[in-house]
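Q: My file is my_file-v6.pdb. It has PDB, C-alpha atoms, pLDDT in the B column:
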```pdb
MODEL        1
ATOM      1  CA  MET A   1     -59.875  82.258-116.311  1.00 53.00           C
ATOM      2  CA  SER A   2     -63.293  82.986-117.836  1.00 75.00           C
ATOM      3  CA  GLY A   3     -65.482  81.668-115.015  1.00 93.00           C
ATOM      4  CA  ARG A   4     -67.006  83.857-112.338  1.00 97.00           C
ATOM      5  CA  LEU A   5     -69.017  83.474-109.167  1.00 98.00           C
ATOM      6  CA  ASP A   6     -71.863  85.764-108.177  1.00 98.00           C
ATOM      7  CA  ILE A   7     -72.945  85.353-104.550  1.00 98.00           C
ATOM      8  CA  VAL A   8     -76.533  86.520-104.816  1.00 98.00           C
ATOM      9  CA  GLY A   9     -78.987  87.849-102.249  1.00 98.00           C
ATOM     10  CA  LEU A  10     -82.472  87.102-103.593  1.00 97.00           C
ATOM     11  CA  GLY A  11     -84.344  89.323-101.143  1.00 96.00           C
ATOM     12  CA  PRO A  12     -86.950  88.301 -98.585  1.00 94.00           C
ATOM     13  CA  GLY A  13     -89.509  86.619-100.787  1.00 88.00           C
ATOM     14  CA  GLY A  14     -91.278  87.501-103.999  1.00 87.00           C
ATOM     15  CA  ALA A  15     -89.804  88.792-107.227  1.00 92.00           C
ATOM     16  CA  GLU A  16     -91.006  92.332-106.513  1.00 94.00           C
ATOM     17  CA  HIS A  17     -88.371  92.663-103.775  1.00 95.00           C
ATOM     18  CA  ARG A  18     -85.548  91.141-105.816  1.00 96.00           C
ATOM     19  CA  THR A  19     -83.003  93.562-107.244  1.00 97.00           C
ATOM     20  CA  ALA A  20     -82.327  93.892-110.964  1.00 97.00           C
ATOM     21  CA  ALA A  21     -78.691  92.922-110.335  1.00 98.00           C
ATOM     22  CA  ALA A  22     -79.745  89.721-108.582  1.00 98.00           C
ATOM     23  CA  THR A  23     -82.115  88.867-111.422  1.00 98.00           C
ATOM     24  CA  ALA A  24     -79.399  89.440-114.027  1.00 98.00           C
ATOM     25  CA  ALA A  25     -76.888  87.301-112.118  1.00 98.00           C
ATOM     26  CA  VAL A  26     -79.216  84.303-111.939  1.00 98.00           C
ATOM     27  CA  ILE A  27     -80.416  84.627-115.548  1.00 98.00           C
ATOM     28  CA  GLY A  28     -76.837  84.960-116.778  1.00 97.00           C
ATOM     29  CA  ALA A  29     -75.518  81.993-114.821  1.00 98.00           C
ATOM     30  CA  GLN A  30     -74.759  78.617-116.317  1.00 97.00           C
ATOM     31  CA  VAL A  31     -74.948  76.955-112.900  1.00 98.00           C
ATOM     32  CA  VAL A  32     -77.236  77.971-110.015  1.00 98.00           C
ATOM     33  CA  ILE A  33     -76.354  76.555-106.594  1.00 98.00           C
ATOM     34  CA  GLY A  34     -78.286  76.951-103.342  1.00 97.00           C
ATOM     35  CA  TYR A  35     -80.289  75.537-100.476  1.00 96.00           C
ATOM     36  CA  GLY A  36     -83.375  73.971-102.013  1.00 95.00           C
ATOM     37  CA  PRO A  37     -86.005  76.497-100.842  1.00 93.00           C
ATOM     38  CA  TYR A  38     -83.795  79.400-101.968  1.00 95.00           C
ATOM     39  CA  VAL A  39     -83.434  77.896-105.425  1.00 96.00           C
ATOM     40  CA  GLU A  40     -87.226  77.654-105.572  1.00 95.00           C
ATOM     41  CA  GLN A  41     -87.375  81.344-104.639  1.00 94.00           C
ATOM     42  CA  CYS A  42     -85.827  82.186-108.008  1.00 97.00           C
ATOM     43  CA  ALA A  43     -87.515  79.388-110.002  1.00 96.00           C
ATOM     44  CA  ASP A  44     -89.054  81.966-112.345  1.00 96.00           C
ATOM     45  CA  LEU A  45     -85.518  82.842-113.516  1.00 97.00           C
ATOM     46  CA  LEU A  46     -84.419  79.281-114.269  1.00 97.00           C
ATOM     47  CA  HIS A  47     -84.471  78.567-117.997  1.00 95.00           C
ATOM     48  CA  GLY A  48     -81.932  75.897-118.860  1.00 95.00           C
ATOM     49  CA  GLN A  49     -79.286  76.562-116.211  1.00 97.00           C
ATOM     50  CA  GLU A  50     -77.829  73.584-114.407  1.00 98.00           C
ATOM     51  CA  VAL A  51     -79.273  73.632-110.874  1.00 98.00           C
ATOM     52  CA  VAL A  52     -77.542  72.183-107.820  1.00 97.00           C
ATOM     53  CA  ARG A  53     -79.826  72.034-104.791  1.00 95.00           C
ATOM     54  CA  GLY A  54     -78.437  71.462-101.313  1.00 92.00           C
ATOM     55  CA  ALA A  55     -79.765  70.698 -97.864  1.00 91.00           C
ATOM     56  CA  MET A  56     -79.576  72.594 -94.583  1.00 86.00           C
ATOM     57  CA  GLY A  57     -76.173  72.145 -92.990  1.00 85.00           C
ATOM     58  CA  GLU A  58     -74.337  71.732 -96.303  1.00 92.00           C
ATOM     59  CA  GLU A  59     -73.202  75.360 -96.565  1.00 94.00           C
ATOM     60  CA  ALA A  60     -69.491  74.517 -96.742  1.00 94.00           C
ATOM     61  CA  GLN A  61     -70.074  71.985 -99.497  1.00 96.00           C
ATOM     62  CA  ARG A  62     -72.113  74.506-101.489  1.00 97.00           C
ATOM     63  CA  ALA A  63     -69.388  77.128-101.159  1.00 97.00           C
ATOM     64  CA  ASP A  64     -66.724  74.668-102.319  1.00 97.00           C
ATOM     65  CA  GLU A  65     -68.854  73.466-105.238  1.00 97.00           C
ATOM     66  CA  ALA A  66     -69.544  77.025-106.377  1.00 98.00           C
ATOM     67  CA  LEU A  67     -65.853  77.931-106.230  1.00 97.00           C
ATOM     68  CA  ARG A  68     -64.854  74.734-108.027  1.00 96.00           C
ATOM     69  CA  ARG A  69     -67.343  75.269-110.842  1.00 97.00           C
ATOM     70  CA  ALA A  70     -66.380  78.914-111.295  1.00 97.00           C
ATOM     71  CA  ALA A  71     -62.659  78.101-111.231  1.00 95.00           C
ATOM     72  CA  ALA A  72     -63.295  75.526-113.978  1.00 95.00           C
ATOM     73  CA  GLY A  73     -64.745  78.259-116.192  1.00 96.00           C
ATOM     74  CA  ALA A  74     -68.487  78.306-115.475  1.00 97.00           C
ATOM     75  CA  ARG A  75     -70.610  81.355-114.662  1.00 98.00           C
ATOM     76  CA  VAL A  76     -72.060  80.437-111.278  1.00 98.00           C
ATOM     77  CA  ALA A  77     -74.758  82.016-109.122  1.00 98.00           C
ATOM     78  CA  LEU A  78     -74.659  80.930-105.478  1.00 98.00           C
ATOM     79  CA  VAL A  79     -78.002  82.075-104.083  1.00 98.00           C
ATOM     80  CA  SER A  80     -79.129  83.018-100.586  1.00 96.00           C
ATOM     81  CA  SER A  81     -82.379  84.413 -99.292  1.00 95.00           C
ATOM     82  CA  GLY A  82     -82.329  88.036 -98.137  1.00 96.00           C
ATOM     83  CA  ASP A  83     -78.820  89.464 -98.358  1.00 97.00           C
ATOM     84  CA  ALA A  84     -76.002  86.974 -98.842  1.00 96.00           C
ATOM     85  CA  GLY A  85     -73.798  88.985 -96.506  1.00 96.00           C
ATOM     86  CA  VAL A  86     -76.268  88.892 -93.605  1.00 95.00           C
ATOM     87  CA  HIS A  87     -76.429  85.372 -92.167  1.00 91.00           C
ATOM     88  CA  GLY A  88     -76.013  84.126 -95.747  1.00 92.00           C
ATOM     89  CA  MET A  89     -73.394  82.428 -97.920  1.00 96.00           C
ATOM     90  CA  ALA A  90     -71.076  85.352 -98.678  1.00 97.00           C
ATOM     91  CA  ALA A  91     -68.754  85.327 -95.650  1.00 97.00           C
ATOM     92  CA  ARG A  92     -68.201  81.576 -95.655  1.00 95.00           C
ATOM     93  CA  THR A  93     -67.556  81.496 -99.401  1.00 98.00           C
ATOM     94  CA  LEU A  94     -65.193  84.476 -99.439  1.00 98.00           C
ATOM     95  CA  ALA A  95     -63.186  83.054 -96.549  1.00 97.00           C
ATOM     96  CA  ARG A  96     -62.754  79.797 -98.443  1.00 97.00           C
ATOM     97  CA  ALA A  97     -61.899  81.643-101.648  1.00 97.00           C
ATOM     98  CA  ALA A  98     -59.199  83.632 -99.839  1.00 97.00           C
ATOM     99  CA  ALA A  99     -57.509  80.352 -98.893  1.00 96.00           C
ATOM    100  CA  LEU A 100     -57.100  79.373-102.554  1.00 94.00           C
ATOM    101  CA  PRO A 101     -53.947  80.179-104.518  1.00 93.00           C
ATOM    102  CA  GLU A 102     -54.561  83.469-106.311  1.00 92.00           C
ATOM    103  CA  ASP A 103     -54.231  81.873-109.750  1.00 90.00           C
ATOM    104  CA  GLU A 104     -56.960  79.345-108.824  1.00 91.00           C
ATOM    105  CA  ARG A 105     -59.391  81.929-107.489  1.00 94.00           C
ATOM    106  CA  PRO A 106     -62.262  82.886-109.835  1.00 95.00           C
ATOM    107  CA  ALA A 107     -63.663  86.371-110.208  1.00 96.00           C
ATOM    108  CA  ILE A 108     -66.221  86.872-107.446  1.00 98.00           C
ATOM    109  CA  GLU A 109     -68.916  89.485-106.865  1.00 98.00           C
ATOM    110  CA  VAL A 110     -71.332  89.759-103.950  1.00 98.00           C
ATOM    111  CA  VAL A 111     -74.749  90.917-105.199  1.00 98.00           C
ATOM    112  CA  PRO A 112     -76.678  92.599-102.362  1.00 97.00           C
ATOM    113  CA  GLY A 113     -80.294  91.891-101.532  1.00 97.00           C
ATOM    114  CA  VAL A 114     -83.041  93.119 -99.202  1.00 96.00           C
ATOM    115  CA  THR A 115     -82.529  91.383 -95.877  1.00 95.00           C
ATOM    116  CA  ALA A 116     -85.395  90.157 -93.680  1.00 94.00           C
ATOM    117  CA  ALA A 117     -84.932  92.918 -91.097  1.00 96.00           C
ATOM    118  CA  LEU A 118     -85.672  95.563 -93.729  1.00 96.00           C
ATOM    119  CA  ALA A 119     -88.689  93.681 -95.070  1.00 96.00           C
ATOM    120  CA  ALA A 120     -90.084  93.230 -91.561  1.00 97.00           C
ATOM    121  CA  GLY A 121     -89.362  96.857 -90.687  1.00 97.00           C
ATOM    122  CA  ALA A 122     -91.261  98.081 -93.731  1.00 96.00           C
ATOM    123  CA  LEU A 123     -94.308  96.034 -92.735  1.00 96.00           C
ATOM    124  CA  LEU A 124     -94.265  97.577 -89.261  1.00 97.00           C
ATOM    125  CA  GLY A 125     -93.560 101.158 -90.330  1.00 97.00           C
ATOM    126  CA  ALA A 126     -90.068 102.379 -89.466  1.00 97.00           C
ATOM    127  CA  PRO A 127     -88.874 100.649 -86.267  1.00 97.00           C
ATOM    128  CA  LEU A 128     -85.250 100.716 -87.468  1.00 97.00           C
ATOM    129  CA  GLY A 129     -85.193 104.447 -88.205  1.00 96.00           C
ATOM    130  CA  ASP A 130     -82.776 105.032 -85.327  1.00 96.00           C
ATOM    131  CA  ASP A 131     -79.712 102.920 -84.490  1.00 96.00           C
ATOM    132  CA  PHE A 132     -80.413  99.181 -84.410  1.00 97.00           C
ATOM    133  CA  ALA A 133     -78.675  95.833 -84.088  1.00 97.00           C
ATOM    134  CA  ALA A 134     -79.296  92.587 -85.960  1.00 97.00           C
ATOM    135  CA  LEU A 135     -78.514  89.324 -84.157  1.00 96.00           C
ATOM    136  CA  SER A 136     -79.035  85.674 -84.922  1.00 94.00           C
ATOM    137  CA  LEU A 137     -80.283  83.708 -81.932  1.00 94.00           C
ATOM    138  CA  SER A 138     -79.265  80.391 -83.453  1.00 90.00           C
ATOM    139  CA  ASP A 139     -76.658  78.486 -81.471  1.00 89.00           C
ATOM    140  CA  LEU A 140     -75.981  75.894 -84.163  1.00 83.00           C
ATOM    141  CA  HIS A 141     -72.623  77.433 -85.095  1.00 85.00           C
ATOM    142  CA  VAL A 142     -72.053  79.822 -82.170  1.00 91.00           C
ATOM    143  CA  ALA A 143     -72.120  78.796 -78.512  1.00 95.00           C
ATOM    144  CA  TRP A 144     -75.189  79.993 -76.632  1.00 95.00           C
ATOM    145  CA  GLU A 145     -72.948  81.804 -74.150  1.00 97.00           C
ATOM    146  CA  VAL A 146     -71.699  83.994 -77.007  1.00 97.00           C
ATOM    147  CA  VAL A 147     -75.227  84.643 -78.303  1.00 96.00           C
ATOM    148  CA  GLU A 148     -76.400  85.665 -74.825  1.00 96.00           C
ATOM    149  CA  ARG A 149     -73.373  87.904 -74.229  1.00 97.00           C
ATOM    150  CA  ARG A 150     -74.051  89.784 -77.450  1.00 97.00           C
ATOM    151  CA  LEU A 151     -77.764  90.030 -76.738  1.00 97.00           C
ATOM    152  CA  THR A 152     -77.139  91.382 -73.233  1.00 97.00           C
ATOM    153  CA  ALA A 153     -74.832  94.084 -74.582  1.00 96.00           C
ATOM    154  CA  VAL A 154     -77.257  95.410 -77.198  1.00 96.00           C
ATOM    155  CA  ALA A 155     -80.267  95.056 -74.894  1.00 96.00           C
ATOM    156  CA  ALA A 156     -78.558  97.325 -72.385  1.00 95.00           C
ATOM    157  CA  ALA A 157     -77.576  99.789 -75.143  1.00 95.00           C
ATOM    158  CA  GLY A 158     -81.191 100.720 -75.893  1.00 94.00           C
ATOM    159  CA  LEU A 159     -80.968  99.816 -79.567  1.00 95.00           C
ATOM    160  CA  ALA A 160     -83.864  98.529 -81.626  1.00 97.00           C
ATOM    161  CA  LEU A 161     -83.324  94.835 -82.290  1.00 98.00           C
ATOM    162  CA  ALA A 162     -83.923  92.635 -85.304  1.00 97.00           C
ATOM    163  CA  LEU A 163     -83.591  89.081 -83.995  1.00 97.00           C
ATOM    164  CA  TYR A 164     -83.113  86.389 -86.631  1.00 96.00           C
ATOM    165  CA  ASN A 165     -83.726  82.667 -85.997  1.00 92.00           C
ATOM    166  CA  PRO A 166     -85.568  83.291 -82.718  1.00 92.00           C
ATOM    167  CA  ARG A 167     -87.111  79.843 -82.340  1.00 89.00           C
ATOM    168  CA  SER A 168     -87.496  76.482 -84.046  1.00 82.00           C
ATOM    169  CA  ARG A 169     -89.077  73.130 -83.302  1.00 80.00           C
ATOM    170  CA  THR A 170     -85.963  72.019 -81.425  1.00 81.00           C
ATOM    171  CA  ARG A 171     -84.733  75.391 -80.088  1.00 82.00           C
ATOM    172  CA  THR A 172     -87.489  76.539 -77.747  1.00 83.00           C
ATOM    173  CA  TRP A 173     -85.927  77.358 -74.387  1.00 89.00           C
ATOM    174  CA  GLN A 174     -83.600  79.939 -75.944  1.00 91.00           C
ATOM    175  CA  LEU A 175     -86.438  82.349 -76.726  1.00 93.00           C
ATOM    176  CA  GLU A 176     -87.630  82.178 -73.125  1.00 93.00           C
ATOM    177  CA  ARG A 177     -84.124  83.147 -72.022  1.00 94.00           C
ATOM    178  CA  VAL A 178     -84.007  85.955 -74.598  1.00 95.00           C
ATOM    179  CA  LEU A 179     -87.171  87.444 -73.126  1.00 95.00           C
ATOM    180  CA  GLU A 180     -85.713  87.196 -69.630  1.00 96.00           C
ATOM    181  CA  VAL A 181     -82.592  89.086 -70.735  1.00 96.00           C
ATOM    182  CA  LEU A 182     -84.614  91.769 -72.482  1.00 97.00           C
ATOM    183  CA  ARG A 183     -86.879  92.250 -69.461  1.00 96.00           C
ATOM    184  CA  GLU A 184     -83.817  92.806 -67.296  1.00 96.00           C
ATOM    185  CA  HIS A 185     -82.938  95.881 -69.355  1.00 96.00           C
ATOM    186  CA  ARG A 186     -86.212  97.152 -70.817  1.00 95.00           C
ATOM    187  CA  ASP A 187     -89.698  98.000 -69.614  1.00 95.00           C
ATOM    188  CA  ALA A 188     -92.334  95.299 -69.798  1.00 95.00           C
ATOM    189  CA  ASP A 189     -94.456  97.484 -72.097  1.00 96.00           C
ATOM    190  CA  THR A 190     -91.697  97.765 -74.728  1.00 97.00           C
ATOM    191  CA  PRO A 191     -93.387  97.234 -78.122  1.00 97.00           C
ATOM    192  CA  LEU A 192     -92.298  94.348 -80.303  1.00 97.00           C
ATOM    193  CA  ALA A 193     -93.583  92.361 -83.240  1.00 97.00           C
ATOM    194  CA  VAL A 194     -93.260  88.865 -84.621  1.00 97.00           C
ATOM    195  CA  VAL A 195     -93.055  89.023 -88.410  1.00 97.00           C
ATOM    196  CA  THR A 196     -93.458  85.635 -90.065  1.00 95.00           C
ATOM    197  CA  ASP A 197     -92.872  84.969 -93.780  1.00 92.00           C
ATOM    198  CA  ALA A 198     -92.209  88.642 -94.561  1.00 92.00           C
ATOM    199  CA  ALA A 199     -92.838  89.363 -98.250  1.00 89.00           C
ATOM    200  CA  ARG A 200     -93.933  85.768 -98.828  1.00 89.00           C
ATOM    201  CA  PRO A 201     -97.247  83.960 -99.109  1.00 88.00           C
ATOM    202  CA  GLY A 202     -98.696  83.606 -95.623  1.00 90.00           C
ATOM    203  CA  GLU A 203     -97.077  86.821 -94.397  1.00 93.00           C
ATOM    204  CA  HIS A 204     -98.234  87.532 -90.839  1.00 94.00           C
ATOM    205  CA  VAL A 205     -97.526  90.174 -88.204  1.00 97.00           C
ATOM    206  CA  GLU A 206     -98.213  89.618 -84.504  1.00 96.00           C
ATOM    207  CA  ARG A 207     -97.812  92.710 -82.299  1.00 96.00           C
ATOM    208  CA  ALA A 208     -97.142  92.446 -78.583  1.00 97.00           C
ATOM    209  CA  THR A 209     -94.948  93.752 -75.787  1.00 97.00           C
ATOM    210  CA  LEU A 210     -92.201  92.150 -73.743  1.00 96.00           C
ATOM    211  CA  ALA A 211     -94.851  91.320 -71.156  1.00 96.00           C
ATOM    212  CA  THR A 212     -97.460  89.880 -73.519  1.00 96.00           C
ATOM    213  CA  LEU A 213     -95.492  88.018 -76.205  1.00 96.00           C
ATOM    214  CA  ASP A 214     -96.648  84.433 -76.652  1.00 94.00           C
ATOM    215  CA  PRO A 215     -93.564  82.405 -77.675  1.00 92.00           C
ATOM    216  CA  GLU A 216     -95.827  79.945 -79.481  1.00 91.00           C
ATOM    217  CA  THR A 217     -96.458  82.613 -82.150  1.00 93.00           C
ATOM    218  CA  VAL A 218     -92.765  82.516 -83.087  1.00 94.00           C
ATOM    219  CA  THR A 219     -91.535  79.980 -85.649  1.00 91.00           C
ATOM    220  CA  MET A 220     -88.310  79.291 -87.525  1.00 86.00           C
ATOM    221  CA  ARG A 221     -89.642  81.535 -90.321  1.00 90.00           C
ATOM    222  CA  SER A 222     -90.172  84.494 -87.959  1.00 95.00           C
ATOM    223  CA  LEU A 223     -88.118  87.578 -87.270  1.00 96.00           C
ATOM    224  CA  LEU A 224     -88.567  89.318 -83.919  1.00 97.00           C
ATOM    225  CA  VAL A 225     -88.412  93.137 -83.950  1.00 98.00           C
ATOM    226  CA  VAL A 226     -88.006  94.810 -80.548  1.00 98.00           C
ATOM    227  CA  ALA A 227     -88.380  98.571 -80.212  1.00 97.00           C
ATOM    228  CA  GLY A 228     -85.418 100.553 -78.942  1.00 96.00           C
ATOM    229  CA  GLU A 229     -85.442 103.439 -76.496  1.00 94.00           C
ATOM    230  CA  SER A 230     -86.548 105.849 -79.242  1.00 94.00           C
ATOM    231  CA  GLY A 231     -89.275 103.508 -80.487  1.00 95.00           C
ATOM    232  CA  LEU A 232     -92.943 104.357 -80.162  1.00 93.00           C
ATOM    233  CA  VAL A 233     -96.320 103.321 -81.466  1.00 94.00           C
ATOM    234  CA  ALA A 234     -97.591 105.980 -83.870  1.00 95.00           C
ATOM    235  CA  GLY A 235    -101.123 105.098 -84.946  1.00 95.00           C
ATOM    236  CA  PRO A 236    -100.871 101.783 -86.804  1.00 95.00           C
ATOM    237  CA  TRP A 237     -97.088 101.989 -87.097  1.00 97.00           C
ATOM    238  CA  LEU A 238     -94.066 101.239 -84.968  1.00 97.00           C
ATOM    239  CA  VAL A 239     -91.464 103.935 -85.556  1.00 97.00           C
ATOM    240  CA  ALA A 240     -88.089 105.044 -84.233  1.00 96.00           C
ATOM    241  CA  GLU A 241     -87.338 108.718 -84.780  1.00 90.00           C
ATOM    242  CA  ARG A 242     -83.698 109.470 -84.084  1.00 86.00           C
ATOM    243  CA  GLY A 243     -83.326 111.390 -80.822  1.00 74.00           C
ATOM    244  CA  ALA A 244     -87.002 111.173 -79.888  1.00 70.00           C
ATOM    245  CA  GLY A 245     -87.480 110.389 -76.181  1.00 63.00           C
ATOM    246  CA  VAL A 246     -83.787 109.637 -75.616  1.00 64.00           C
ATOM    247  CA  VAL A 247     -82.350 111.068 -72.410  1.00 58.00           C
ATOM    248  CA  ALA A 248     -78.597 111.680 -72.273  1.00 60.00           C
TER     249      ALA A 248
ENDMDL
END
```
The structure in this file should be written as structure tokens.

A:
Amino acid sequence: MSGRLDIVGLGPGGAEHRTAAATAAVIGAQVVIGYGPYVEQCADLLHGQEVVRGAMGEEAQRADEALRRAAAGARVALVSSGDAGVHGMAARTLARAAALPEDERPAIEVVPGVTAALAAGALLGAPLGDDFAALSLSDLHVAWEVVERRLTAVAAAGLALALYNPRSRTRTWQLERVLEVLREHRDADTPLAVVTDAARPGEHVERATLATLDPETVTMRSLLVVAGESGLVAGPWLVAERGAGVVA
């Protein structure tokens, strides 16, 4: 079998944050498959490849199409924004590949990328310098009860938080509940930031605290960074120095 599938993380935005391995995988592909906006994110690398654009909610179909094309002998790049293994296409695709007979399974490689939490953290300074947790607040595929249980556990643990998918046009009440949970476990003056379109045109950072955050500043393109117990404001930066201010 000569085909192969690269599951590619394109990074948070512009080409300057895209890895050389990701670039090579897309350039070397015969077929590039992805959610439409993610395909556009690597449009500068598309020079004659067949392109298959999908819509939101069609992740399973994209995974199956990528596996089918690669099994038939094509070099395929299945692209995700950020890192494909962090709320991206890698886990779903690998799980489906594992269900195939071994002799029908193409060669597969996961190509890592810079995830949104790291891009947002760099804009703020170093808020993830100590232990941190990354959670998705979307309840499209996971029941809200599960999301809230996980959030409650890490909120109580004192970890810095990188919260993906905090709010959308249709999911608004969830962020209000998130803030309630956080305020149950953390001081009202805990620093946080809303980072929207990190490493993309229109990039914007809104700094606040648990007491002052305006939920209307949060969109579906935002990532919410909440300082942990070792987090502090250092001049213009939000940092987390391991062990600083942590009481046993």

Q: Around (-91.0, 92.6, -84.3), as given in the file, which residues come within 6 Å? Count all atoms listed in the file and list them as a ChimeraX atom specification.

A: /A:192-195,224-226

Q: Can I get the selected residues back with C-alpha atoms, as a compact mmCIF listing (two decimals), in the frame of the given file?

A:
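Full text of result39.txt as output:
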```txt
# COMPACT_ATOMS: atom_id res chain seq x y z
CA LEU A 192 -92.30 94.35 -80.30
CA ALA A 193 -93.58 92.36 -83.24
CA VAL A 194 -93.26 88.86 -84.62
CA VAL A 195 -93.06 89.02 -88.41
CA LEU A 224 -88.57 89.32 -83.92
CA VAL A 225 -88.41 93.14 -83.95
CA VAL A 226 -88.01 94.81 -80.55
```

Q: For the PyMOL selection byres ((chain A and resi 18) around 10), applied here, can you spell out every residue it catches as a PyMOL selection string?

A: chain A and resi 9-17+19-23+42+81-82+112-114

Q: For Leu135 (chain A), which residue out of A:Leu223, A:Ala72, A:Ile108, A:Ala208 is the nearest one, using only C-alpha atoms?

A: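 Distance minimum relative to Leu135 (chain A) lands on A:Leu223.
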
Q: Rounded to one decimal in Å, what is the spacing between CA of Asp103 (chain A) and CA of Glu50 (chain A)?

A: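 CA of Glu50 (chain A) lies 25.4 Å from CA of Asp103 (chain A).
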
Q: Step by step, work through what the PyMOL selection byres ((chain A and resi 3) around 9) selects in the shown file, and finish by giving those residues as a PyMOL selection string.

A: chain A and resi 1-2+4-5+69-76+106-107

Q: CA of Asp187 (chain A) and CA of Gly121 (chain A) are how many Å apart?

A: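 Computed distance, CA of Asp187 (chain A) to CA of Gly121 (chain A), equals 21.1 Å.
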
Q: So which one's closest to Gly235 (chain A), A:Gly125, A:Met89, A:Gly202, A:Ala43? Using all atoms listed in the file, please.

A: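 Of A:Gly125, A:Met89, A:Gly202, A:Ala43, the one nearest Gly235 (chain A) is A:Gly125, counting all atoms listed in the file.
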
Q: So which residues get picked by the PyMOL selection byres ((chain A and resi 92) around 12) here, written as a list in words?

A: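 With the shown file as input, the PyMOL selection byres ((chain A and resi 92) around 12) matches Ile7, Glu58, Glu59, Ala60, Gln61, Arg62, Ala63, Asp64, Ala66, Leu67, Leu78, Ala84, Gly85, Val86, His87, Gly88, Met89, Ala90, Ala91, Thr93, Leu94, Ala95, Arg96, Ala97, Ala98 and Ala99 of chain A.
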
Q: Determine, counting all atoms listed in the file, which protein, DNA and RNA residues have an atom within 10 Å of an atom of Pro37 (chain A); residues of the same chain fewer than 3 positions away are not included. Present the result as a short mmCIF file (atom, residue, chain, number, x, y, z; two decimals) with C-alpha atoms, in the coordinates of the input.

A:
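And here is the file that came out, around.cif:
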```
data_model
loop_
_atom_site.label_atom_id
_atom_site.label_comp_id
_atom_site.auth_asym_id
_atom_site.auth_seq_id
_atom_site.Cartn_x
_atom_site.Cartn_y
_atom_site.Cartn_z
CA GLY A 34 -78.29 76.95 -103.34
CA GLU A 40 -87.23 77.65 -105.57
CA GLN A 41 -87.38 81.34 -104.64
CA CYS A 42 -85.83 82.19 -108.01
CA ALA A 43 -87.52 79.39 -110.00
CA ARG A 53 -79.83 72.03 -104.79
CA GLY A 54 -78.44 71.46 -101.31
CA ALA A 55 -79.76 70.70 -97.86
CA MET A 56 -79.58 72.59 -94.58
CA SER A 80 -79.13 83.02 -100.59
CA SER A 81 -82.38 84.41 -99.29
#
```

Q: Find the residue from A:Arg200, A:Arg171, A:Arg177, A:Arg186 that sits nearest to Ala157 (chain A); use only C-alpha atoms when measuring.

A: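 Selected residue with least distance to Ala157 (chain A): A:Arg186.
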
Q: Which is closer to Arg221 (chain A) than all the others in A:Leu175, A:Val154, A:Ala116, A:Ala234, using all atoms listed in the file?

A: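 Under the stated criterion, the closest residue is A:Ala116.
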
Q: Let me know the centre plus edge lengths, in Å and rounded to one decimal, of a box with edges along x, y and z that contains all listed atoms of region 39-44 of chain A and is padded by 6 Å on every side, as lines of an AutoDock Vina configuration file.

A:
```
center_x = -86.2
center_y = 79.9
center_z = -108.5
size_x = 17.6
size_y = 16.5
size_z = 19.7
```

Q: Report the distance between CA of Glu109 (chain A) and CA of Leu46 (chain A) in Å, rounded to one decimal place.

A: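 One can read the CA of Glu109 (chain A) to CA of Leu46 (chain A) distance as 20.0 Å.
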
Q: Write out as number ranges by chain the residues lying within 9 Å of Leu124 (chain A), counting all atoms listed in the file and excluding same-chain residues fewer than 5 positions away.

A: A: 119, 193, 195, 205, 236-239

Q: For the selection just defined, write its residues with C-alpha atoms to a file, as a compact mmCIF listing (two decimals), keeping the file's coordinate frame.

A:
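Listing of part.txt after writing:
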```txt
# COMPACT_ATOMS: atom_id res chain seq x y z
CA ALA A 119 -88.69 93.68 -95.07
CA ALA A 193 -93.58 92.36 -83.24
CA VAL A 195 -93.06 89.02 -88.41
CA VAL A 205 -97.53 90.17 -88.20
CA PRO A 236 -100.87 101.78 -86.80
CA TRP A 237 -97.09 101.99 -87.10
CA LEU A 238 -94.07 101.24 -84.97
CA VAL A 239 -91.46 103.94 -85.56
```
